[in-house]
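J.: First, the structure itself, so that you have it in front of you.
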Amino acid sequence: MTARADRRGVVRDSLGVGVATGLYGVSFGAVAVGSGLSVAQTCALSLLMFTGASQFALAGVVGAGGAPLAGMATALLLGARNTLYGLRMAPLLGWRGWRRAAAAHVLIDESTAMAVNRPGRDLARVGFLTTGISILVLWNAFTLLGALAGEAIGDPRDYGLDAAVGAAFLALLWPRLREPGHARVALLAAALAALAVPFTPAGLPVLLAGGVAILVGALLAGRSHAPPPEVAP
Amino acid sequence: MIWWAVLGGGVGCYLLKLAGLSVPESVLARPWVARVVDLIPVALLAALVSVQVLSAPDPDGGQRLVLDARVAGLGTAVVLLVLRAPFLVVVVGAAAVAALLRAL
């Protein structure tokens with residue numbers, strides 16, 4: 001295949017992911033407004049935070065009656081995975097200065113996934129930018145659309161929007177459950193959070209249960225992933 | 001208060017991304033850091049599912065556990081995910097089942 005055909009293929013695949021992801025901005029817009037955020041706050045989240053799971057988390061915690069700052073803390077913890085993506089992407093993209101600062105904004109699950117396995121810097125950059133920018137544009141446009149629709153429909157519960165939030169979290173979680181040990185950590189976190197609900201202010205059960213489950217999971221994984229004994233060559 | 005969380009969370013999430021692209025790999029590439037960061041979304045998303053589906057405001061101000069149409073919505077989501085339905089179908093399907101149960 002020629003270099004140009006390679007680029008075209010990467011652009012086509014990236015746009016496909018971009019359109020599919022951007023469209024579900026409509027569900028974030030509707031859910032966030034249903035959780036009690038204003039249309040302006042909802043759009044500001046998509047524009048500034050621009051990382052789906054964190055945005056759903058902030059809206060979810062606020063919607064469940066939690067303190068906005070607890071929602072922010074949950075969003076920031078979820079955003080920490082983007083830091084790890086950055087570590088992997090930095091040598092691959094090789095940008096400095098303002099290009100790096102601009103690229104950071106579109107450093108998310110999808111743009112990383114569409115760039116990380118490309119042979120060579122050029123194709124990695126094409127995949128990263130095409131995916132990131134198409135999602136940035138569509139995600140924000142569809143957030144606005146969803147927020148306006150959400151505001152127009154009245155009580156969000158009549159449309160099951162409160163059930164949509166839980167389904168959105170589960171759909172974001174689902175692909176991660178296949179990795180070893182992850183299902184165990186997820187069940188522990190879900191059980192602890194439910195147990196904590198009646199005894200703690202809203203917003204805290206997620207942070208508490210998440211923290212304990214991460215610690216337990218990391219300790220268990222640390223034991224089973226101990227480095228293998230060195231073998232003489 | 002919500003605006004502070006929106007702005008603080010937005011700026012913070014951007015800085016987390018920028019840090020990843022800027023910090024030398026050796027600083028954060030310790031195995032235990034990678035393990036913890038790997039588990040954060042799993043644990044937090046699972047806890048969020050559980051709280052989102054099971055909790056409701058209590059009349060006296062706190063929160064309590066309830067089983068209502070949202071559980072059926074989540075069950076629908078599980079079925080759709082097992083069938084490999086796309087994200088939007090899962091979310092809309094869960095909402096539709098919950099709305100239908102409430103309308104009955």
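Every chain in the structure tokens has a letter given in the order shown (A, B, ...), and although residue numbers restart at 1 in each chain, ligands are simply numbered from 1 in the order shown.
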Sort by chain and increasing residue number a table of all residues of chain B within 7 Å of chain A, each with its closest pair of atoms and their distance in Å to one decimal, counting only C-alpha atoms, and write it as CSV.

T.:
residue,atom,partner,partner_atom,distance
B:Met1,CA,A:Pro68,CA,6.5
B:Ile2,CA,A:Pro68,CA,5.4
B:Trp3,CA,A:Gln41,CA,6.7
B:Ala5,CA,A:Met72,CA,5.3
B:Val6,CA,A:Leu45,CA,6.1
B:Gly9,CA,A:Met72,CA,5.3
B:Gly10,CA,A:Met49,CA,3.8
B:Val11,CA,A:Met49,CA,6.9
B:Gly12,CA,A:Leu76,CA,6.6
B:Cys13,CA,A:Gly79,CA,5.5
B:Tyr14,CA,A:His105,CA,6.1
B:Leu16,CA,A:Thr83,CA,5.3
B:Lys17,CA,A:Thr83,CA,5.0
B:Leu18,CA,A:Ala104,CA,5.0
B:Ala19,CA,A:Thr83,CA,6.2
B:Gly20,CA,A:Gly86,CA,3.9
B:Leu21,CA,A:Gly86,CA,4.4
B:Glu25,CA,A:Leu87,CA,5.8
B:Arg35,CA,A:Ala218,CA,6.0
B:Val36,CA,A:Ala218,CA,5.9
B:Val37,CA,A:Arg81,CA,5.8
B:Asp38,CA,A:Arg81,CA,6.9
B:Leu39,CA,A:Ile214,CA,5.8
B:Ile40,CA,A:Ile214,CA,6.3
B:Pro41,CA,A:Leu78,CA,5.6
B:Val42,CA,A:Ala186,CA,5.8
B:Ala43,CA,A:Gly210,CA,4.8
B:Leu44,CA,A:Gly210,CA,4.8
B:Leu45,CA,A:Phe169,CA,5.8
B:Ala46,CA,A:Ala186,CA,5.1
B:Ala47,CA,A:Ala190,CA,4.3
B:Leu48,CA,A:Val206,CA,6.0
B:Val49,CA,A:Gly166,CA,4.8
B:Ser50,CA,A:Ala190,CA,5.2
B:Val51,CA,A:Ala194,CA,6.0
B:Gln52,CA,A:Gly166,CA,5.4
B:Val53,CA,A:Gly166,CA,5.8
B:Ser55,CA,A:Val197,CA,6.7
B:Gly62,CA,A:Pro201,CA,6.4
B:Gln63,CA,A:Pro198,CA,5.3
B:Arg64,CA,A:Pro198,CA,4.8
B:Leu65,CA,A:Pro198,CA,6.8
B:Arg70,CA,A:Ala163,CA,4.6
B:Gly73,CA,A:Ala163,CA,5.6
B:Leu74,CA,A:Ala167,CA,5.6
B:Ala77,CA,A:Ala167,CA,5.6
B:Phe87,CA,A:Ala171,CA,6.3
B:Leu88,CA,A:Tyr24,CA,5.9
B:Val90,CA,A:Ala167,CA,6.7
B:Val91,CA,A:Ala164,CA,5.1
B:Val92,CA,A:Ala164,CA,6.7
B:Ala94,CA,A:Ala164,CA,5.7
B:Ala95,CA,A:Gly160,CA,4.1
B:Ala96,CA,A:Gly160,CA,6.2
B:Ala98,CA,A:Gly160,CA,5.0
B:Ala99,CA,A:Gly160,CA,4.4

J.: So the first atom is CA of Leu92 (chain A) and the second is CA of Gly120 (chain A); what is the distance between them in Å, to one decimal place?

T.: 7.8 Å

J.: Report, in Å with one decimal, the straight-line distance from CA of Leu138 (chain A) to CA of Val19 (chain A).

T.: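 Taking CA of Leu138 (chain A) and CA of Val19 (chain A), their separation equals 7.0 Å.
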